[in-house]
>>> print(open('data-v9.cif').read())   # mmCIF, C-alpha atoms
data_protein
#
loop_
_atom_site.label_atom_id
_atom_site.label_comp_id
_atom_site.auth_asym_id
_atom_site.auth_seq_id
_atom_site.Cartn_x
_atom_site.Cartn_y
_atom_site.Cartn_z
CA MET A 1214 7.69 -9.05 1.25
CA PRO A 1215 8.93 -11.30 -1.54
CA LEU A 1216 6.31 -13.37 -3.30
CA ASP A 1217 6.61 -16.22 -5.70
CA GLY A 1218 7.13 -14.72 -9.11
CA GLY A 1219 7.80 -11.33 -7.63
CA VAL A 1220 4.77 -9.65 -9.08
CA SER A 1221 1.50 -8.66 -7.49
CA CYS A 1222 -0.91 -11.44 -6.88
CA LEU A 1223 -4.00 -10.70 -8.90
CA ARG A 1224 -6.71 -12.65 -10.63
CA ARG A 1225 -5.36 -14.17 -13.80
CA SER A 1226 -7.55 -12.04 -16.04
CA GLU A 1227 -6.33 -8.92 -14.34
CA MET A 1228 -2.73 -10.01 -14.59
CA ILE A 1229 -2.91 -10.38 -18.32
CA GLY A 1230 -4.90 -7.19 -18.63
CA ILE A 1231 -2.21 -5.12 -17.02
CA GLY A 1232 0.72 -6.67 -18.79
CA ILE A 1233 2.13 -9.07 -16.24
CA GLY A 1234 3.37 -12.16 -18.03
CA GLU A 1235 4.18 -9.85 -20.87
CA LEU A 1236 5.04 -12.66 -23.23
CA GLU A 1237 1.39 -13.59 -23.38
CA SER A 1238 -0.23 -10.19 -23.38
CA PRO A 1239 -0.90 -8.22 -26.54
CA PRO A 1240 1.72 -5.64 -27.54
CA LEU A 1241 1.41 -2.35 -25.70
CA ASP A 1242 -0.63 0.28 -27.41
CA SER A 1243 1.98 2.87 -28.38
CA ASP A 1244 -0.22 5.68 -27.14
CA GLN A 1245 -0.86 4.15 -23.78
CA VAL A 1246 1.41 5.14 -20.94
CA HIS A 1247 3.23 2.23 -19.35
CA VAL A 1248 4.29 2.58 -15.73
CA LEU A 1249 6.61 0.31 -13.81
CA ALA A 1250 5.67 0.37 -10.13
CA VAL A 1251 8.08 -0.96 -7.52
CA ASP A 1252 7.03 -1.61 -3.93
CA ASP A 1253 7.75 -4.44 -1.51
CA SER A 1254 4.31 -4.06 0.12
CA LEU A 1255 1.55 -5.99 -1.62
CA VAL A 1256 -1.14 -3.69 -0.25
CA ASP A 1257 0.69 -0.66 -1.63
CA ARG A 1258 1.23 -2.35 -4.99
CA ILE A 1259 -2.48 -3.04 -5.36
CA VAL A 1260 -3.36 0.51 -4.43
CA ILE A 1261 -0.82 2.16 -6.73
CA GLU A 1262 -1.88 -0.13 -9.57
CA ARG A 1263 -5.49 0.91 -9.13
CA LEU A 1264 -4.55 4.58 -8.99
CA LEU A 1265 -2.50 4.27 -12.17
CA ARG A 1266 -5.10 2.26 -14.04
CA ILE A 1267 -7.78 4.79 -13.19
CA THR A 1268 -5.57 7.39 -14.88
CA SER A 1269 -5.45 5.14 -17.96
CA CYS A 1270 -1.94 3.82 -17.49
CA LYS A 1271 -0.83 0.31 -18.20
CA VAL A 1272 0.94 -0.99 -15.09
CA THR A 1273 3.60 -3.55 -14.35
CA ALA A 1274 4.11 -3.95 -10.62
CA VAL A 1275 7.12 -5.67 -9.09
CA ASP A 1276 8.13 -6.24 -5.50
CA SER A 1277 11.79 -5.23 -5.45
CA GLY A 1278 14.48 -3.14 -7.08
CA TRP A 1279 16.12 -6.31 -8.38
CA ARG A 1280 12.96 -7.41 -10.11
CA ALA A 1281 12.60 -3.95 -11.58
CA LEU A 1282 16.12 -4.15 -13.05
CA GLU A 1283 15.37 -7.63 -14.29
CA PHE A 1284 12.22 -6.37 -15.98
CA LEU A 1285 14.13 -3.52 -17.57
CA GLY A 1286 16.91 -5.83 -18.69
CA LEU A 1287 19.45 -3.95 -16.56
CA ASP A 1288 20.20 -6.81 -14.21
CA ASP A 1289 23.34 -8.12 -15.84
CA ASP A 1290 26.54 -6.72 -17.21
CA LYS A 1291 25.73 -7.47 -20.82
CA SER A 1292 24.87 -3.84 -21.38
CA SER A 1293 25.95 -4.04 -24.96
CA VAL A 1294 23.16 -6.45 -25.82
CA GLU A 1295 20.72 -4.74 -28.12
CA PHE A 1296 17.07 -5.60 -27.93
CA ASP A 1297 13.83 -3.90 -28.78
CA ARG A 1298 13.56 -1.19 -26.25
CA LEU A 1299 11.00 -1.94 -23.61
CA LYS A 1300 8.51 0.86 -23.51
CA VAL A 1301 8.43 2.28 -20.00
CA ASP A 1302 7.19 5.84 -19.63
CA LEU A 1303 7.46 6.23 -15.88
CA ILE A 1304 8.98 4.36 -12.99
CA ILE A 1305 7.46 4.86 -9.58
CA THR A 1306 9.22 3.27 -6.66
CA ASP A 1307 9.00 3.05 -2.91
CA TYR A 1308 12.04 4.39 -1.09
CA CYS A 1309 12.30 1.95 1.83
CA MET A 1310 12.67 -1.55 0.48
CA PRO A 1311 14.75 -4.46 1.73
CA GLY A 1312 17.77 -5.28 -0.41
CA MET A 1313 17.84 -2.39 -2.82
CA THR A 1314 16.33 0.93 -1.79
CA GLY A 1315 14.39 3.13 -4.16
CA TYR A 1316 17.31 5.53 -4.14
CA GLU A 1317 19.70 2.81 -5.26
CA LEU A 1318 17.28 1.77 -7.97
CA LEU A 1319 17.01 5.38 -9.09
CA LYS A 1320 20.79 5.60 -9.40
CA LYS A 1321 21.00 2.43 -11.46
CA ILE A 1322 18.28 3.66 -13.79
CA LYS A 1323 19.96 7.03 -14.25
CA GLU A 1324 23.28 5.31 -14.93
CA SER A 1325 21.77 3.20 -17.70
CA THR A 1326 21.78 4.32 -21.28
CA SER A 1327 18.40 2.84 -22.13
CA PHE A 1328 16.35 4.22 -19.29
CA ARG A 1329 18.03 7.32 -17.93
CA GLU A 1330 15.50 9.52 -19.69
CA VAL A 1331 12.56 7.79 -18.05
CA PRO A 1332 11.11 9.89 -15.24
CA VAL A 1333 11.48 8.22 -11.85
CA VAL A 1334 9.20 9.10 -8.96
CA ILE A 1335 10.00 8.12 -5.39
CA MET A 1336 7.34 7.32 -2.79
CA SER A 1337 7.98 7.35 0.93
CA SER A 1338 6.03 7.25 4.15
CA GLU A 1339 8.64 9.44 5.75
CA ASN A 1340 8.89 13.16 5.20
CA VAL A 1341 12.65 13.57 5.44
CA LEU A 1342 14.01 16.60 3.62
CA THR A 1343 17.53 15.23 3.24
CA ARG A 1344 16.05 12.13 1.65
CA ILE A 1345 13.97 14.20 -0.73
CA ASP A 1346 16.98 16.34 -1.67
CA ARG A 1347 19.14 13.31 -2.32
CA CYS A 1348 16.58 11.79 -4.62
CA LEU A 1349 15.97 14.98 -6.54
CA GLU A 1350 19.70 15.56 -6.94
CA GLU A 1351 20.07 12.06 -8.28
CA GLY A 1352 17.48 12.86 -10.93
CA ALA A 1353 14.14 11.86 -9.46
CA GLU A 1354 11.29 13.68 -11.11
CA ASP A 1355 9.12 13.90 -8.03
CA PHE A 1356 8.71 12.66 -4.51
CA LEU A 1357 5.33 11.49 -3.22
CA LEU A 1358 4.47 11.17 0.43
CA LYS A 1359 2.54 8.02 1.26
CA PRO A 1360 -0.30 7.22 1.43
CA VAL A 1361 -0.47 8.10 -2.25
CA LYS A 1362 -3.72 9.60 -3.48
CA LEU A 1363 -5.37 9.89 -6.86
CA ALA A 1364 -4.56 13.60 -7.00
CA ASP A 1365 -0.83 12.77 -6.66
CA VAL A 1366 -0.97 10.27 -9.51
CA LYS A 1367 -2.97 12.63 -11.72
CA ARG A 1368 -0.25 15.22 -11.20
CA LEU A 1369 2.34 12.73 -12.42
CA ARG A 1370 0.57 12.50 -15.73
CA THR A 1371 1.44 16.09 -16.46
CA TYR A 1372 5.00 15.07 -17.24
CA LEU A 1373 4.30 11.81 -18.99
CA THR A 1374 3.66 13.14 -22.48
CA ARG A 1375 6.19 12.71 -25.24
CA ASP A 1376 6.63 16.49 -25.39
CA VAL A 1377 7.96 16.59 -21.86
CA LYS A 1378 10.33 13.72 -22.53
CA VAL A 1379 12.16 15.55 -25.29
CA SER A 1380 12.43 18.77 -23.30
CA ASP A 1381 15.72 19.80 -21.80
CA ARG A 1382 16.39 17.20 -19.14
CA ASN A 1383 20.04 18.00 -18.67
CA LYS A 1384 19.33 20.72 -16.17
CA PRO A 1385 20.33 19.85 -12.62
CA LYS A 1386 17.38 18.60 -10.68
CA VAL A 1387 17.83 20.79 -7.62
CA PRO A 1388 14.50 22.53 -7.16
CA GLU A 1389 14.44 26.28 -6.71
CA ASP A 1390 12.05 25.90 -3.88
CA LEU A 1391 10.24 23.11 -2.22
CA SER A 1392 6.88 24.85 -2.16
CA ARG A 1393 5.38 22.39 -4.61
CA PHE A 1394 6.03 19.75 -2.01
CA SER A 1395 3.93 21.69 0.47
CA SER A 1396 1.94 18.57 1.25
CA LEU A 1397 5.13 17.09 2.65
CA ALA A 1398 5.22 19.70 5.39
CA MET A 1399 2.18 18.17 7.09
CA VAL A 1400 2.88 17.17 10.61
CA THR A 1401 2.07 13.60 11.52
CA PRO A 1402 -0.93 13.77 13.85
CA PRO A 1403 -0.42 12.46 17.37
CA PRO A 1404 -1.38 8.83 17.84
CA PRO A 1405 -4.94 8.27 19.09
CA PRO A 1406 -5.60 7.23 22.69
CA PRO A 1407 -5.76 3.49 23.20
CA PRO A 1408 -9.21 2.11 22.45
CA SER A 1409 -11.50 0.87 25.18
CA ILE A 1410 -12.73 -2.12 23.24
CA THR A 1411 -13.61 -5.10 25.37
CA SER A 1412 -15.32 -7.30 22.84
CA VAL A 1413 -12.12 -8.79 21.39
CA LYS A 1414 -10.33 -11.17 23.67
CA SER A 1415 -6.89 -10.04 24.71
CA SER A 1416 -4.24 -12.54 23.60
CA SER A 1417 -1.05 -13.38 25.36
CA LEU A 1418 2.14 -13.49 23.34
CA GLU A 1419 2.03 -17.29 23.33
CA GLU A 1420 -1.48 -17.25 21.94
CA ILE A 1421 -0.50 -14.83 19.21
CA VAL A 1422 2.50 -16.99 18.27
CA SER A 1423 0.48 -20.19 18.18
CA SER A 1424 -2.40 -18.69 16.23
CA SER A 1425 -0.37 -17.12 13.47
CA PRO A 1426 1.02 -19.05 10.51
CA PRO A 1427 4.72 -19.89 10.47
CA PRO A 1428 6.81 -17.66 8.18
CA SER A 1429 7.33 -20.29 5.49
CA GLU A 1430 3.63 -20.68 4.77
CA SER A 1431 2.47 -18.60 1.86
CA SER A 1432 -0.22 -16.27 3.05
CA ILE A 1433 -1.15 -15.07 -0.35
CA SER A 1434 -3.37 -17.07 -2.67
CA PRO A 1435 -5.31 -15.81 -5.65
CA VAL A 1436 -8.13 -13.63 -4.43
CA ASP A 1437 -11.42 -15.15 -5.38
CA SER A 1438 -14.11 -13.81 -3.10
CA PRO A 1439 -12.64 -11.32 -0.70
CA ILE A 1440 -15.82 -10.90 1.30
CA ARG A 1441 -16.17 -14.62 1.69
CA ARG A 1442 -12.54 -14.92 2.76
CA MET A 1443 -13.08 -12.30 5.41
CA GLU A 1444 -16.20 -14.07 6.65
CA MET A 1445 -14.33 -17.35 6.92
CA ARG A 1446 -11.71 -15.86 9.18
CA SER A 1447 -13.37 -13.35 11.39
CA PRO A 1448 -15.33 -14.36 14.45
CA GLY A 1449 -17.31 -11.14 14.25
CA LEU A 1450 -18.55 -9.18 17.20
CA ASP A 1451 -20.79 -10.72 19.85
CA MET B 707 -38.72 4.38 -1.70
CA ASP B 708 -38.86 1.07 0.11
CA ALA B 709 -38.87 1.80 3.84
CA HIS B 710 -36.71 -1.22 4.62
CA VAL B 711 -34.03 -0.11 2.16
CA ALA B 712 -34.13 3.44 3.51
CA GLN B 713 -33.71 2.17 7.02
CA LEU B 714 -30.76 -0.02 6.03
CA GLN B 715 -29.18 2.87 4.20
CA MET B 716 -29.51 5.11 7.23
CA GLN B 717 -28.06 2.40 9.44
CA TYR B 718 -25.17 2.09 7.01
CA ARG B 719 -24.55 5.82 6.93
CA ASN B 720 -24.53 6.07 10.70
CA TYR B 721 -22.26 3.09 11.00
CA ILE B 722 -19.69 4.49 8.58
CA LEU B 723 -19.79 7.88 10.29
CA SER B 724 -19.23 6.25 13.66
CA LEU B 725 -16.19 4.39 12.34
CA TYR B 726 -14.64 7.69 11.33
CA GLN B 727 -15.71 9.51 14.47
CA GLN B 728 -14.26 6.82 16.69
CA GLY B 729 -10.99 7.02 14.82
CA PHE B 730 -11.02 3.59 13.22
CA LEU B 731 -10.77 5.04 9.72
CA ASP B 732 -9.26 8.12 8.17
CA ASP B 733 -9.40 9.91 4.83
CA GLN B 734 -7.25 7.32 3.10
CA PHE B 735 -10.16 4.90 3.50
CA THR B 736 -12.37 7.50 1.84
CA GLU B 737 -9.80 7.67 -0.94
CA LEU B 738 -9.94 3.89 -1.44
CA LYS B 739 -13.72 3.97 -1.58
CA SER B 740 -13.55 6.61 -4.26
CA LEU B 741 -11.40 4.29 -6.37
CA GLN B 742 -14.09 1.64 -6.40
CA ASP B 743 -16.61 1.60 -9.23
CA ASP B 744 -18.91 -0.75 -11.12
CA GLY B 745 -15.89 -2.09 -13.00
CA SER B 746 -14.07 -2.88 -9.75
CA PRO B 747 -16.85 -3.34 -7.20
CA ASP B 748 -14.75 -5.42 -4.81
CA PHE B 749 -11.69 -3.22 -4.77
CA VAL B 750 -12.00 -2.05 -1.16
CA ALA B 751 -12.82 -5.54 0.12
CA GLU B 752 -9.88 -6.93 -1.82
CA VAL B 753 -7.36 -4.42 -0.48
CA LEU B 754 -8.60 -4.81 3.07
CA SER B 755 -8.45 -8.56 2.82
CA LEU B 756 -4.80 -8.29 1.81
CA PHE B 757 -4.21 -5.82 4.62
CA PHE B 758 -5.60 -8.22 7.21
CA ASP B 759 -3.46 -11.02 5.75
CA ASP B 760 -0.53 -8.67 6.27
CA CYS B 761 -1.59 -8.07 9.88
CA VAL B 762 -1.68 -11.78 10.66
CA LYS B 763 1.71 -12.34 9.11
CA LEU B 764 3.47 -9.30 10.58
CA VAL B 765 1.98 -9.68 14.06
CA GLY B 766 3.10 -13.30 13.96
CA ASN B 767 6.61 -12.26 12.96
CA MET B 768 6.77 -9.69 15.75
CA ALA B 769 5.44 -12.12 18.33
CA ARG B 770 8.07 -14.67 17.35
CA ALA B 771 10.82 -12.05 17.44
CA LEU B 772 9.72 -10.92 20.91
CA ASP B 773 9.28 -14.45 22.14
CA GLN B 774 12.99 -15.19 21.94
CA THR B 775 14.66 -16.19 25.16
CA GLY B 776 17.88 -14.27 25.20
CA THR B 777 18.49 -11.26 23.00
CA VAL B 778 15.52 -9.81 21.18
CA ASP B 779 16.26 -8.42 17.75
CA PHE B 780 14.51 -5.07 18.04
CA CYS B 781 15.57 -4.15 14.52
CA GLN B 782 13.66 -7.13 13.23
CA VAL B 783 10.61 -6.16 15.27
CA GLY B 784 10.96 -2.58 14.06
CA ALA B 785 11.17 -3.64 10.43
CA ASN B 786 7.87 -5.50 10.77
CA VAL B 787 6.30 -2.53 12.57
CA HIS B 788 7.44 -0.30 9.72
CA GLN B 789 5.72 -2.55 7.19
CA LEU B 790 2.53 -2.67 9.21
CA LYS B 791 2.58 1.07 9.63
CA GLY B 792 2.89 1.43 5.88
CA SER B 793 0.05 -0.83 4.94
CA SER B 794 -2.27 0.46 7.68
CA SER B 795 -1.58 3.96 6.42
CA SER B 796 -2.36 2.93 2.86
CA VAL B 797 -5.79 1.54 3.75
CA GLY B 798 -6.81 4.23 6.23
CA ALA B 799 -6.63 2.00 9.32
CA LYS B 800 -6.06 4.99 11.57
CA ARG B 801 -5.85 3.33 14.99
CA VAL B 802 -3.58 0.55 13.80
CA LYS B 803 -1.32 3.12 12.22
CA GLY B 804 -1.25 5.19 15.40
CA LEU B 805 -0.26 2.17 17.46
CA CYS B 806 2.51 1.41 14.99
CA ILE B 807 3.93 4.89 15.50
CA ASN B 808 4.12 4.23 19.25
CA PHE B 809 5.46 0.77 18.62
CA LYS B 810 8.29 2.04 16.47
CA GLU B 811 9.47 4.32 19.27
CA LEU B 812 9.33 1.44 21.74
CA CYS B 813 11.47 -0.67 19.42
CA GLU B 814 14.00 2.12 19.07
CA ALA B 815 14.11 2.42 22.85
CA LYS B 816 14.44 -1.39 23.08
CA ASN B 817 11.64 -1.33 25.61
CA TYR B 818 10.73 -5.01 25.84
CA GLU B 819 7.66 -4.80 28.09
CA GLY B 820 6.41 -1.82 26.12
CA CYS B 821 6.78 -3.72 22.87
CA VAL B 822 4.95 -6.77 24.15
CA ARG B 823 2.08 -4.61 25.44
CA CYS B 824 1.93 -2.66 22.23
CA LEU B 825 1.90 -5.81 20.16
CA GLN B 826 -1.07 -7.09 22.14
CA GLN B 827 -2.84 -3.81 21.50
CA VAL B 828 -2.09 -4.03 17.78
CA ASP B 829 -3.45 -7.57 17.75
CA ILE B 830 -6.70 -6.47 19.39
CA GLU B 831 -6.95 -3.41 17.21
CA TYR B 832 -6.67 -5.02 13.82
CA LYS B 833 -9.08 -7.78 14.81
CA THR B 834 -11.56 -5.20 16.05
CA LEU B 835 -11.28 -3.25 12.81
CA LYS B 836 -11.73 -6.42 10.81
CA ALA B 837 -14.94 -7.24 12.65
CA LYS B 838 -16.23 -3.69 12.22
CA LEU B 839 -15.52 -3.72 8.50
CA GLN B 840 -17.10 -7.12 8.13
CA ASP B 841 -20.25 -5.64 9.64
CA MET B 842 -19.98 -2.76 7.18
CA PHE B 843 -19.67 -5.11 4.20
CA ASN B 844 -22.59 -7.16 5.50
CA LEU B 845 -24.74 -4.04 5.64
CA GLU B 846 -23.77 -3.24 2.05
CA LYS B 847 -24.83 -6.73 1.00
CA GLN B 848 -28.13 -6.40 2.82
CA ILE B 849 -28.86 -3.10 1.10
CA VAL B 850 -28.12 -4.57 -2.32
CA GLN B 851 -30.14 -7.68 -1.59
CA ALA B 852 -33.06 -5.52 -0.53
CA GLY B 853 -32.90 -3.85 -3.93
CA GLY B 854 -31.20 -0.62 -2.85
CA ILE B 855 -27.89 0.97 -3.71
CA VAL B 856 -25.11 1.53 -1.21
CA PRO B 857 -25.05 5.24 -0.41
CA GLN B 858 -21.95 7.39 -0.73
CA VAL B 859 -21.30 8.70 2.73
CA ASP B 860 -20.02 12.25 3.03
CA ILE B 861 -17.68 12.33 5.98
CA ASN B 862 -17.34 16.10 6.25
#
>>> encode(input="data-v9.cif", output="structure tokens")
Amino acid sequence: MPLDGGVSCLRRSEMIGIGIGELESPPLDSDQVHVLAVDDSLVDRIVIERLLRITSCKVTAVDSGWRALEFLGLDDDKSSVEFDRLKVDLIITDYCMPGMTGYELLKKIKESTSFREVPVVIMSSENVLTRIDRCLEEGAEDFLLKPVKLADVKRLRTYLTRDVKVSDRNKPKVPEDLSRFSSLAMVTPPPPPPPSITSVKSSSLEEIVSSSPPPSESSISPVDSPIRRMEMRSPGLD
Amino acid sequence: MDAHVAQLQMQYRNYILSLYQQGFLDDQFTELKSLQDDGSPDFVAEVLSLFFDDCVKLVGNMARALDQTGTVDFCQVGANVHQLKGSSSSVGAKRVKGLCINFKELCEAKNYEGCVRCLQQVDIEYKTLKAKLQDMFNLEKQIVQAGGIVPQVDIN
């Protein structure tokens, strides 16, 4: 879902705190890990940001592969332009995104001279082995099944130290076995039976269409009081 | 301990447990709660608020796509279902997610009546969840206002 500005909508103080609007924010602490997170879903961006910040990472979150390339300075052909290298220690990206997929973004990063050494992690809601293989073969460091949990992100930190970065990264990325992705073998549980809730009025299609905002209207505004916003909208139960 | 606070806390505990037992929430919601702390006390409310914004938008998109006289673009409907499935999964909205799984199959089968019915169910479901969670947040507020702390609820 593209947003104005292409970055997560957060309170202004939070935005500066996590390095969005990087021209204004203080220079990154050289010891602090900086992660670029890419996901077209705002909900997922907020969650992954929180997970990363809890593990003491500085986060820049963008909503598309194109914005990620723009942020990295890889979006044009002037590859010979030298500039102070942007410090990005890890790139974590959703696989399924409109426009450019996470796989395509991965390829572009691995083709670049400036960022090919940066570990790239792919996230996906779908447990598709061929997809996982493709990403690993293209040089992805890891593949996380959504919904992402704190334990997953903590595991990522194990290969974010400088020591790991200078280790031999020229080995082919084909894993010897997929046992470390054992969580990916979980079977999706069957969908629950339909609820027997009668307290919410059933809407016809026409009612749903007329009650929802038209696509052009921005549905995201800075979050001030989330509880109050919920109270304003919900009729509550009788 | 203040009896009123204790009573509210018990009410809160039972309410949360019932939400899990009835399948409204799953362990991803637990995960989100665990990410909340004194430094980010509104994190769960904030994420859920964005999720419900998403629901309004995506349900609206799907309704418009299905409301077309003539050919319905099931790919378009499916793309919106995919997004809703993703965000419901990320917040632990178990029933909404489950409906989205069904919905996706109906889109792939280009089952028009099935899609319309499923969309109506999704609409009811997210609104129901929103009301339930509003009640949960209200209970939390009441506990805090009565001078108590919101208990951590162990689901297992």
>>> resolve_selection(input="data-v9.cif", expression="the PyMOL selection byres ((chain B and resi 719) around 12)", output="ChimeraX atom specification")
/B:712-718,720-726,842,845-846,849,856-861
>>> residues_around(input="data-v9.cif", residues="stretch 780-787 of chain B", least_positions_apart="5", cutoff="6 Å", atoms="all atoms listed in the file", output="ChimeraX atom specification")
/B:764,768,806,810,813
>>> closest_residue(input="data-v9.cif", among="B:Val828, B:Leu805, B:Leu812, B:Cys821", to="chain A", atoms="all atoms listed in the file")
B:Leu805
>>> resolve_selection(input="data-v9.cif", expression="the PyMOL selection byres ((chain B) within 6 of (chain A))", output="list in words")
Ala751, Glu752, Gly766, Ala769, Ser796, Gly804 and Ala837 of chain B
>>> resolve_selection(input="data-v9.cif", expression="the PyMOL selection byres ((chain A and resi 1305) around 7)", output="PyMOL selection string")
chain A and resi 1249-1251+1303-1304+1306+1333-1335
>>> atom_distance(input="data-v9.cif", atom1="atom CA of A:Phe1284", atom2="atom CA of B:Phe757")
26.4 Å
>>> atom_distance(input="data-v9.cif", atom1="atom CA of A:Thr1273", atom2="atom CA of A:Gln1245")
13.0 Å
>>> residues_around(input="data-v9.cif", residues="A:Tyr1316", least_positions_apart="6", cutoff="9 Å", atoms="all atoms listed in the file", output="list in words")
Thr1306, Asp1307, Tyr1308, Cys1309, Ile1335, Arg1344, Arg1347, Cys1348, Glu1351 and Ala1353 of chain A
>>> decode(input="data-v9.cif", residues="stretch 1307-1321 of chain A", atoms="N, CA, C and O atoms", output="PDB file, in the first residue's frame")
ATOM      1  N   ASP A1307       9.999  -8.101   2.702  1.00  0.00           N
ATOM      2  CA  ASP A1307       8.889  -8.977   2.408  1.00  0.00           C
ATOM      3  C   ASP A1307       9.104  -9.536   1.005  1.00  0.00           C
ATOM      4  O   ASP A1307       9.729  -8.890   0.153  1.00  0.00           O
ATOM      5  N   TYR A1308       8.576 -10.729   0.771  1.00  0.00           N
ATOM      6  CA  TYR A1308       8.750 -11.322  -0.564  1.00  0.00           C
ATOM      7  C   TYR A1308       7.701 -10.783  -1.553  1.00  0.00           C
ATOM      8  O   TYR A1308       8.033 -10.283  -2.618  1.00  0.00           O
ATOM      9  N   CYS A1309       6.427 -10.905  -1.134  1.00  0.00           N
ATOM     10  CA  CYS A1309       5.302 -10.512  -1.999  1.00  0.00           C
ATOM     11  C   CYS A1309       5.022  -9.040  -1.881  1.00  0.00           C
ATOM     12  O   CYS A1309       4.350  -8.609  -0.948  1.00  0.00           O
ATOM     13  N   MET A1310       5.485  -8.270  -2.850  1.00  0.00           N
ATOM     14  CA  MET A1310       5.167  -6.846  -2.851  1.00  0.00           C
ATOM     15  C   MET A1310       4.794  -6.446  -4.274  1.00  0.00           C
ATOM     16  O   MET A1310       5.357  -6.980  -5.227  1.00  0.00           O
ATOM     17  N   PRO A1311       3.849  -5.515  -4.409  1.00  0.00           N
ATOM     18  CA  PRO A1311       3.514  -5.067  -5.766  1.00  0.00           C
ATOM     19  C   PRO A1311       4.696  -4.326  -6.385  1.00  0.00           C
ATOM     20  O   PRO A1311       5.493  -3.718  -5.675  1.00  0.00           O
ATOM     21  N   GLY A1312       4.809  -4.397  -7.702  1.00  0.00           N
ATOM     22  CA  GLY A1312       5.916  -3.704  -8.361  1.00  0.00           C
ATOM     23  C   GLY A1312       7.156  -4.573  -8.352  1.00  0.00           C
ATOM     24  O   GLY A1312       7.349  -5.426  -9.195  1.00  0.00           O
ATOM     25  N   MET A1313       7.968  -4.397  -7.358  1.00  0.00           N
ATOM     26  CA  MET A1313       9.201  -5.184  -7.242  1.00  0.00           C
ATOM     27  C   MET A1313       9.075  -6.170  -6.086  1.00  0.00           C
ATOM     28  O   MET A1313       8.820  -5.769  -4.958  1.00  0.00           O
ATOM     29  N   THR A1314       9.285  -7.442  -6.366  1.00  0.00           N
ATOM     30  CA  THR A1314       9.207  -8.422  -5.276  1.00  0.00           C
ATOM     31  C   THR A1314      10.482  -8.363  -4.435  1.00  0.00           C
ATOM     32  O   THR A1314      11.494  -7.791  -4.845  1.00  0.00           O
ATOM     33  N   GLY A1315      10.410  -9.013  -3.274  1.00  0.00           N
ATOM     34  CA  GLY A1315      11.585  -9.081  -2.421  1.00  0.00           C
ATOM     35  C   GLY A1315      12.726  -9.813  -3.100  1.00  0.00           C
ATOM     36  O   GLY A1315      13.901  -9.484  -2.915  1.00  0.00           O
ATOM     37  N   TYR A1316      12.380 -10.781  -3.916  1.00  0.00           N
ATOM     38  CA  TYR A1316      13.399 -11.538  -4.651  1.00  0.00           C
ATOM     39  C   TYR A1316      14.130 -10.627  -5.634  1.00  0.00           C
ATOM     40  O   TYR A1316      15.352 -10.674  -5.749  1.00  0.00           O
ATOM     41  N   GLU A1317      13.364  -9.806  -6.341  1.00  0.00           N
ATOM     42  CA  GLU A1317      13.967  -8.886  -7.305  1.00  0.00           C
ATOM     43  C   GLU A1317      14.842  -7.857  -6.593  1.00  0.00           C
ATOM     44  O   GLU A1317      15.921  -7.492  -7.079  1.00  0.00           O
ATOM     45  N   LEU A1318      14.387  -7.415  -5.445  1.00  0.00           N
ATOM     46  CA  LEU A1318      15.180  -6.473  -4.659  1.00  0.00           C
ATOM     47  C   LEU A1318      16.486  -7.132  -4.207  1.00  0.00           C
ATOM     48  O   LEU A1318      17.563  -6.546  -4.298  1.00  0.00           O
ATOM     49  N   LEU A1319      16.354  -8.368  -3.750  1.00  0.00           N
ATOM     50  CA  LEU A1319      17.532  -9.139  -3.338  1.00  0.00           C
ATOM     51  C   LEU A1319      18.557  -9.196  -4.459  1.00  0.00           C
ATOM     52  O   LEU A1319      19.744  -8.947  -4.254  1.00  0.00           O
ATOM     53  N   LYS A1320      18.096  -9.502  -5.661  1.00  0.00           N
ATOM     54  CA  LYS A1320      19.000  -9.606  -6.811  1.00  0.00           C
ATOM     55  C   LYS A1320      19.719  -8.288  -7.065  1.00  0.00           C
ATOM     56  O   LYS A1320      20.921  -8.252  -7.279  1.00  0.00           O
ATOM     57  N   LYS A1321      18.953  -7.206  -7.012  1.00  0.00           N
ATOM     58  CA  LYS A1321      19.558  -5.897  -7.288  1.00  0.00           C
ATOM     59  C   LYS A1321      20.615  -5.554  -6.227  1.00  0.00           C
ATOM     60  O   LYS A1321      21.647  -4.977  -6.528  1.00  0.00           O
TER      61      LYS A1321
END
